[in-house]
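The file work-v1.pdb comes next; it holds PDB, C-alpha atoms and all ligand atoms.
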MODEL        1
ATOM      1  CA  MET A   1       0.000   0.000   0.000  1.00  0.00           C
ATOM      2  CA  SER A   2       1.428   3.359  -0.966  1.00  0.00           C
ATOM      3  CA  LEU A   3       1.052   6.554   1.012  1.00  0.00           C
ATOM      4  CA  THR A   4      -2.032   8.629   0.243  1.00  0.00           C
ATOM      5  CA  PRO A   5      -1.224  12.011  -1.374  1.00  0.00           C
ATOM      6  CA  GLU A   6      -2.342  13.716   1.861  1.00  0.00           C
ATOM      7  CA  LEU A   7      -0.010  11.638   4.029  1.00  0.00           C
ATOM      8  CA  GLU A   8       2.807  12.039   1.536  1.00  0.00           C
ATOM      9  CA  ALA A   9       2.415  15.830   1.695  1.00  0.00           C
ATOM     10  CA  ALA A  10       2.266  15.696   5.504  1.00  0.00           C
ATOM     11  CA  PHE A  11       5.458  13.608   5.757  1.00  0.00           C
ATOM     12  CA  ASN A  12       7.250  15.944   3.378  1.00  0.00           C
ATOM     13  CA  ALA A  13       6.135  18.949   5.427  1.00  0.00           C
ATOM     14  CA  GLN A  14       7.266  17.180   8.606  1.00  0.00           C
ATOM     15  CA  ILE A  15      10.775  16.587   7.259  1.00  0.00           C
ATOM     16  CA  THR A  16      11.005  20.318   6.517  1.00  0.00           C
ATOM     17  CA  MET A  17       9.629  21.151   9.964  1.00  0.00           C
ATOM     18  CA  GLU A  18      12.192  18.951  11.762  1.00  0.00           C
ATOM     19  CA  TYR A  19      15.067  20.523   9.832  1.00  0.00           C
ATOM     20  CA  GLY A  20      13.505  23.952  10.487  1.00  0.00           C
ATOM     21  CA  ALA A  21      13.523  23.128  14.206  1.00  0.00           C
ATOM     22  CA  ALA A  22      17.171  22.042  13.939  1.00  0.00           C
ATOM     23  CA  TYR A  23      18.075  25.342  12.254  1.00  0.00           C
ATOM     24  CA  SER A  24      16.086  27.302  14.821  1.00  0.00           C
ATOM     25  CA  TYR A  25      17.864  25.533  17.718  1.00  0.00           C
ATOM     26  CA  LEU A  26      21.174  26.318  16.037  1.00  0.00           C
ATOM     27  CA  GLY A  27      20.256  30.029  16.091  1.00  0.00           C
ATOM     28  CA  MET A  28      19.283  29.794  19.760  1.00  0.00           C
ATOM     29  CA  SER A  29      22.529  28.003  20.532  1.00  0.00           C
ATOM     30  CA  ALA A  30      24.575  30.700  18.803  1.00  0.00           C
ATOM     31  CA  TRP A  31      22.942  33.498  20.790  1.00  0.00           C
ATOM     32  CA  LEU A  32      23.357  31.667  24.111  1.00  0.00           C
ATOM     33  CA  GLU A  33      27.033  31.065  23.344  1.00  0.00           C
ATOM     34  CA  SER A  34      27.477  34.772  22.525  1.00  0.00           C
ATOM     35  CA  GLN A  35      26.021  35.582  25.946  1.00  0.00           C
ATOM     36  CA  GLY A  36      28.655  33.487  27.713  1.00  0.00           C
ATOM     37  CA  LEU A  37      26.313  30.585  28.445  1.00  0.00           C
ATOM     38  CA  PRO A  38      28.128  27.542  27.004  1.00  0.00           C
ATOM     39  CA  GLY A  39      26.026  25.011  28.932  1.00  0.00           C
ATOM     40  CA  MET A  40      22.719  26.258  27.547  1.00  0.00           C
ATOM     41  CA  ALA A  41      24.322  26.669  24.128  1.00  0.00           C
ATOM     42  CA  GLY A  42      25.526  23.051  24.197  1.00  0.00           C
ATOM     43  CA  TRP A  43      22.109  21.843  25.270  1.00  0.00           C
ATOM     44  CA  MET A  44      20.547  23.677  22.309  1.00  0.00           C
ATOM     45  CA  ARG A  45      23.204  22.286  19.976  1.00  0.00           C
ATOM     46  CA  ALA A  46      22.308  18.777  21.142  1.00  0.00           C
ATOM     47  CA  GLN A  47      18.618  19.601  20.512  1.00  0.00           C
ATOM     48  CA  SER A  48      19.519  20.789  17.033  1.00  0.00           C
ATOM     49  CA  ASP A  49      21.359  17.528  16.273  1.00  0.00           C
ATOM     50  CA  GLU A  50      18.409  15.539  17.590  1.00  0.00           C
ATOM     51  CA  GLU A  51      16.003  17.357  15.268  1.00  0.00           C
ATOM     52  CA  THR A  52      18.104  16.406  12.252  1.00  0.00           C
ATOM     53  CA  THR A  53      17.857  12.745  13.305  1.00  0.00           C
ATOM     54  CA  HIS A  54      14.056  13.206  13.444  1.00  0.00           C
ATOM     55  CA  GLY A  55      14.070  14.668   9.944  1.00  0.00           C
ATOM     56  CA  LEU A  56      16.185  11.766   8.689  1.00  0.00           C
ATOM     57  CA  ARG A  57      13.868   9.270  10.303  1.00  0.00           C
ATOM     58  CA  PHE A  58      10.868  10.661   8.437  1.00  0.00           C
ATOM     59  CA  LEU A  59      12.901  10.882   5.229  1.00  0.00           C
ATOM     60  CA  GLN A  60      14.025   7.251   5.439  1.00  0.00           C
ATOM     61  CA  TYR A  61      10.486   6.165   6.225  1.00  0.00           C
ATOM     62  CA  MET A  62       9.154   7.943   3.147  1.00  0.00           C
ATOM     63  CA  LEU A  63      11.806   6.275   1.004  1.00  0.00           C
ATOM     64  CA  ASP A  64      10.980   2.877   2.520  1.00  0.00           C
ATOM     65  CA  ARG A  65       7.354   3.445   1.585  1.00  0.00           C
ATOM     66  CA  GLY A  66       8.212   4.500  -1.959  1.00  0.00           C
ATOM     67  CA  GLY A  67       7.047   8.071  -1.326  1.00  0.00           C
ATOM     68  CA  ASP A  68       7.922  11.043  -3.506  1.00  0.00           C
ATOM     69  CA  VAL A  69      10.313  13.152  -1.400  1.00  0.00           C
ATOM     70  CA  ASN A  70      10.022  16.920  -1.776  1.00  0.00           C
ATOM     71  CA  LEU A  71      12.085  19.037   0.595  1.00  0.00           C
ATOM     72  CA  GLY A  72      10.580  22.403   1.474  1.00  0.00           C
ATOM     73  CA  GLN A  73      12.048  25.820   2.149  1.00  0.00           C
ATOM     74  CA  ILE A  74      13.306  26.671   5.645  1.00  0.00           C
ATOM     75  CA  ASP A  75      12.859  30.189   7.042  1.00  0.00           C
ATOM     76  CA  ALA A  76      15.808  32.012   8.605  1.00  0.00           C
ATOM     77  CA  PRO A  77      15.715  31.476  12.383  1.00  0.00           C
ATOM     78  CA  SER A  78      16.115  34.136  15.093  1.00  0.00           C
ATOM     79  CA  THR A  79      19.645  34.619  16.372  1.00  0.00           C
ATOM     80  CA  HIS A  80      18.882  37.495  18.755  1.00  0.00           C
ATOM     81  CA  PHE A  81      16.879  37.316  21.967  1.00  0.00           C
ATOM     82  CA  ASP A  82      16.346  39.552  24.996  1.00  0.00           C
ATOM     83  CA  ALA A  83      16.910  36.954  27.712  1.00  0.00           C
ATOM     84  CA  PRO A  84      17.576  33.214  28.143  1.00  0.00           C
ATOM     85  CA  ILE A  85      13.980  32.628  29.269  1.00  0.00           C
ATOM     86  CA  ASP A  86      12.751  34.014  25.929  1.00  0.00           C
ATOM     87  CA  VAL A  87      14.872  31.435  24.124  1.00  0.00           C
ATOM     88  CA  PHE A  88      13.276  28.593  26.064  1.00  0.00           C
ATOM     89  CA  ARG A  89       9.793  30.036  25.621  1.00  0.00           C
ATOM     90  CA  ALA A  90      10.405  30.176  21.865  1.00  0.00           C
ATOM     91  CA  SER A  91      11.617  26.582  22.051  1.00  0.00           C
ATOM     92  CA  LEU A  92       8.456  25.454  23.845  1.00  0.00           C
ATOM     93  CA  ALA A  93       6.243  27.231  21.303  1.00  0.00           C
ATOM     94  CA  GLN A  94       8.132  25.473  18.515  1.00  0.00           C
ATOM     95  CA  GLU A  95       7.799  22.067  20.192  1.00  0.00           C
ATOM     96  CA  LYS A  96       4.044  22.620  20.583  1.00  0.00           C
ATOM     97  CA  GLU A  97       3.756  23.327  16.862  1.00  0.00           C
ATOM     98  CA  VAL A  98       5.620  20.102  16.126  1.00  0.00           C
ATOM     99  CA  THR A  99       3.342  18.183  18.498  1.00  0.00           C
ATOM    100  CA  ALA A 100       0.238  19.559  16.766  1.00  0.00           C
ATOM    101  CA  SER A 101       1.677  18.613  13.393  1.00  0.00           C
ATOM    102  CA  ILE A 102       2.449  15.057  14.502  1.00  0.00           C
ATOM    103  CA  ASN A 103      -1.001  14.682  16.044  1.00  0.00           C
ATOM    104  CA  ALA A 104      -2.565  15.825  12.762  1.00  0.00           C
ATOM    105  CA  MET A 105      -0.490  13.240  10.873  1.00  0.00           C
ATOM    106  CA  TYR A 106      -1.575  10.568  13.309  1.00  0.00           C
ATOM    107  CA  ALA A 107      -5.228  11.442  12.698  1.00  0.00           C
ATOM    108  CA  LEU A 108      -4.602  11.341   8.943  1.00  0.00           C
ATOM    109  CA  ALA A 109      -2.932   7.913   9.193  1.00  0.00           C
ATOM    110  CA  VAL A 110      -5.854   6.497  11.193  1.00  0.00           C
ATOM    111  CA  GLU A 111      -8.408   8.083   8.879  1.00  0.00           C
ATOM    112  CA  SER A 112      -6.778   6.616   5.765  1.00  0.00           C
ATOM    113  CA  LYS A 113      -6.148   3.263   7.523  1.00  0.00           C
ATOM    114  CA  ASP A 114      -2.411   3.625   6.931  1.00  0.00           C
ATOM    115  CA  PHE A 115      -1.546   1.357   9.858  1.00  0.00           C
ATOM    116  CA  ALA A 116       2.106   1.012   8.820  1.00  0.00           C
ATOM    117  CA  SER A 117       2.682   4.650   9.811  1.00  0.00           C
ATOM    118  CA  ILE A 118       1.314   4.200  13.338  1.00  0.00           C
ATOM    119  CA  PRO A 119       4.422   2.739  15.083  1.00  0.00           C
ATOM    120  CA  LEU A 120       6.595   5.557  13.746  1.00  0.00           C
ATOM    121  CA  LEU A 121       4.068   8.185  14.771  1.00  0.00           C
ATOM    122  CA  ASP A 122       3.618   6.542  18.182  1.00  0.00           C
ATOM    123  CA  TRP A 123       7.329   7.021  18.795  1.00  0.00           C
ATOM    124  CA  PHE A 124       7.066  10.703  17.865  1.00  0.00           C
ATOM    125  CA  VAL A 125       3.981  11.255  20.034  1.00  0.00           C
ATOM    126  CA  ALA A 126       5.919   9.941  23.061  1.00  0.00           C
ATOM    127  CA  GLU A 127       9.037  11.912  22.082  1.00  0.00           C
ATOM    128  CA  GLN A 128       7.041  15.163  21.974  1.00  0.00           C
ATOM    129  CA  VAL A 129       5.766  14.594  25.518  1.00  0.00           C
ATOM    130  CA  GLU A 130       9.399  14.359  26.667  1.00  0.00           C
ATOM    131  CA  GLU A 131      10.507  17.350  24.598  1.00  0.00           C
ATOM    132  CA  GLU A 132       7.786  19.616  25.928  1.00  0.00           C
ATOM    133  CA  ALA A 133       8.304  18.463  29.518  1.00  0.00           C
ATOM    134  CA  SER A 134      12.059  19.061  29.507  1.00  0.00           C
ATOM    135  CA  VAL A 135      11.750  22.586  28.076  1.00  0.00           C
ATOM    136  CA  GLN A 136       8.861  23.375  30.430  1.00  0.00           C
ATOM    137  CA  GLN A 137      11.042  22.352  33.382  1.00  0.00           C
ATOM    138  CA  ILE A 138      13.753  24.807  32.357  1.00  0.00           C
ATOM    139  CA  ILE A 139      11.162  27.591  31.981  1.00  0.00           C
ATOM    140  CA  ASP A 140       9.749  26.747  35.425  1.00  0.00           C
ATOM    141  CA  ASP A 141      13.240  26.906  36.959  1.00  0.00           C
ATOM    142  CA  LEU A 142      13.960  30.259  35.307  1.00  0.00           C
ATOM    143  CA  GLU A 143      10.597  31.647  36.409  1.00  0.00           C
ATOM    144  CA  ARG A 144      11.113  30.415  39.962  1.00  0.00           C
ATOM    145  CA  GLY A 145      14.548  32.050  40.101  1.00  0.00           C
ATOM    146  CA  GLY A 146      13.210  35.220  38.451  1.00  0.00           C
ATOM    147  CA  ASP A 147      15.572  34.827  35.483  1.00  0.00           C
ATOM    148  CA  SER A 148      18.264  36.214  37.816  1.00  0.00           C
ATOM    149  CA  GLY A 149      21.997  36.005  37.150  1.00  0.00           C
ATOM    150  CA  HIS A 150      22.406  33.302  39.774  1.00  0.00           C
ATOM    151  CA  THR A 151      19.618  31.053  38.444  1.00  0.00           C
ATOM    152  CA  VAL A 152      20.814  31.438  34.861  1.00  0.00           C
ATOM    153  CA  LEU A 153      24.378  30.557  35.869  1.00  0.00           C
ATOM    154  CA  MET A 154      23.285  27.523  37.890  1.00  0.00           C
ATOM    155  CA  LEU A 155      21.091  26.250  35.037  1.00  0.00           C
ATOM    156  CA  ASP A 156      23.841  26.895  32.515  1.00  0.00           C
ATOM    157  CA  ARG A 157      26.150  24.584  34.460  1.00  0.00           C
ATOM    158  CA  GLU A 158      23.445  21.957  34.915  1.00  0.00           C
ATOM    159  CA  LEU A 159      22.388  21.949  31.248  1.00  0.00           C
ATOM    160  CA  GLY A 160      26.054  21.815  30.271  1.00  0.00           C
ATOM    161  CA  ARG A 161      26.349  18.485  32.077  1.00  0.00           C
ATOM    162  CA  ARG A 162      23.218  17.137  30.403  1.00  0.00           C
ATOM    163  CA  GLY A 163      24.483  18.295  26.997  1.00  0.00           C
ATOM    164  CA  ALA A 164      27.786  16.518  27.586  1.00  0.00           C
ATOM    165  CA  THR A 165      25.963  13.294  28.478  1.00  0.00           C
ATOM    166  CA  ALA A 166      23.668  13.539  25.441  1.00  0.00           C
ATOM    167  CA  GLU A 167      26.630  13.961  23.082  1.00  0.00           C
ATOM    168  CA  ALA A 168      28.604  11.082  24.605  1.00  0.00           C
TER     169      ALA A 168
HETATM  170 FE    FE B   1      11.696  16.723  16.422  1.00  0.00          FE
HETATM  171 FE    FE B   2      11.975  18.626  19.315  1.00  0.00          FE
ENDMDL
END

Write-out of the structure in structure tokens:
Amino acid sequence: MSLTPELEAAFNAQITMEYGAAYSYLGMSAWLESQGLPGMAGWMRAQSDEETTHGLRFLQYMLDRGGDVNLGQIDAPSTHFDAPIDVFRASLAQEKEVTASINAMYALAVESKDFASIPLLDWFVAEQVEEEASVQQIIDDLERGGDSGHTVLMLDRELGRRGATAEA
């Protein structure tokens, strides 16, 4: 069974979205690094790498299903922010958009009885829960500490450790 044209278009759009998220995280990482926050920058760099693996996963799946791959245009991401908390808020907003997109694809797969796509989409549904929760935690910490110099520094060191583990 080949992908329906609707699902094919949705998978193509999702590949573009994942690479767009990777590019966006790269911009966030660059700004954080320029602010002297290497831990947060490294965490964002790891996020960026992870998004490219998501894009590749969708791409390989489309190829496995004999889909017609069409890569879309990616907008230039922001590389300037007012404060670290704004970076993480932008990240959460982006993750929520991705979640909505994956949920819509899931509904499309069920509707068109494309059961082969379900395991892949299940993985992404669970991944989005984790992604949103981890960014939300950082926002909560920054809000609790009032986005103060001390809180930002402490989180920078903590996220630096997590980034180092993720890259290992
Ligand atoms: Fe992703
Ligand atoms: Fe993500």

### Message
Here's the selection I'm unsure about, the PyMOL selection byres (((not hetatm)) within 12 of (chain B and resi 1)); applied to the file above, which residues does it give, as JSON, numbers by chain?
### Response
{"A": [14, 15, 16, 17, 18, 19, 20, 21, 22, 23, 24, 25, 46, 47, 48, 49, 50, 51, 52, 53, 54, 55, 56, 57, 58, 91, 92, 94, 95, 96, 97, 98, 99, 100, 101, 102, 121, 123, 124, 125, 126, 127, 128, 129, 130, 131, 132]}

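Proximity to ligand FE 2 (chain B) was assessed for A:Asp156, A:Ala133, A:Thr151, A:Ala76 counting only C-alpha atoms and all ligand atoms; the smallest distance is recorded for A:Ala133.
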
### Query
Residues picked by the PyMOL selection byres (((chain A and resi 70) around 6) and not hetatm) here, as a PyMOL selection string?
chain A and resi 12+69+71

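Taking atom CA of A:Leu3 and atom CA of A:Ala104 as endpoints, the distance between them is 15.4 Å.
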
Given the file shown, enumerate the residues that the PyMOL selection byres (((chain A and resi 5) around 12) and not hetatm) captures and present them as a PDB file with C-alpha atoms, keeping the file's coordinate frame.
ATOM      1  CA  SER A   2       1.428   3.359  -0.966  1.00  0.00           C
ATOM      2  CA  LEU A   3       1.052   6.554   1.012  1.00  0.00           C
ATOM      3  CA  THR A   4      -2.032   8.629   0.243  1.00  0.00           C
ATOM      4  CA  GLU A   6      -2.342  13.716   1.861  1.00  0.00           C
ATOM      5  CA  LEU A   7      -0.010  11.638   4.029  1.00  0.00           C
ATOM      6  CA  GLU A   8       2.807  12.039   1.536  1.00  0.00           C
ATOM      7  CA  ALA A   9       2.415  15.830   1.695  1.00  0.00           C
ATOM      8  CA  ALA A  10       2.266  15.696   5.504  1.00  0.00           C
ATOM      9  CA  PHE A  11       5.458  13.608   5.757  1.00  0.00           C
ATOM     10  CA  ASN A  12       7.250  15.944   3.378  1.00  0.00           C
ATOM     11  CA  GLY A  67       7.047   8.071  -1.326  1.00  0.00           C
ATOM     12  CA  ASP A  68       7.922  11.043  -3.506  1.00  0.00           C
ATOM     13  CA  VAL A  69      10.313  13.152  -1.400  1.00  0.00           C
ATOM     14  CA  LEU A 108      -4.602  11.341   8.943  1.00  0.00           C
ATOM     15  CA  ALA A 109      -2.932   7.913   9.193  1.00  0.00           C
ATOM     16  CA  SER A 112      -6.778   6.616   5.765  1.00  0.00           C
ATOM     17  CA  ASP A 114      -2.411   3.625   6.931  1.00  0.00           C
TER      18      ASP A 114
END
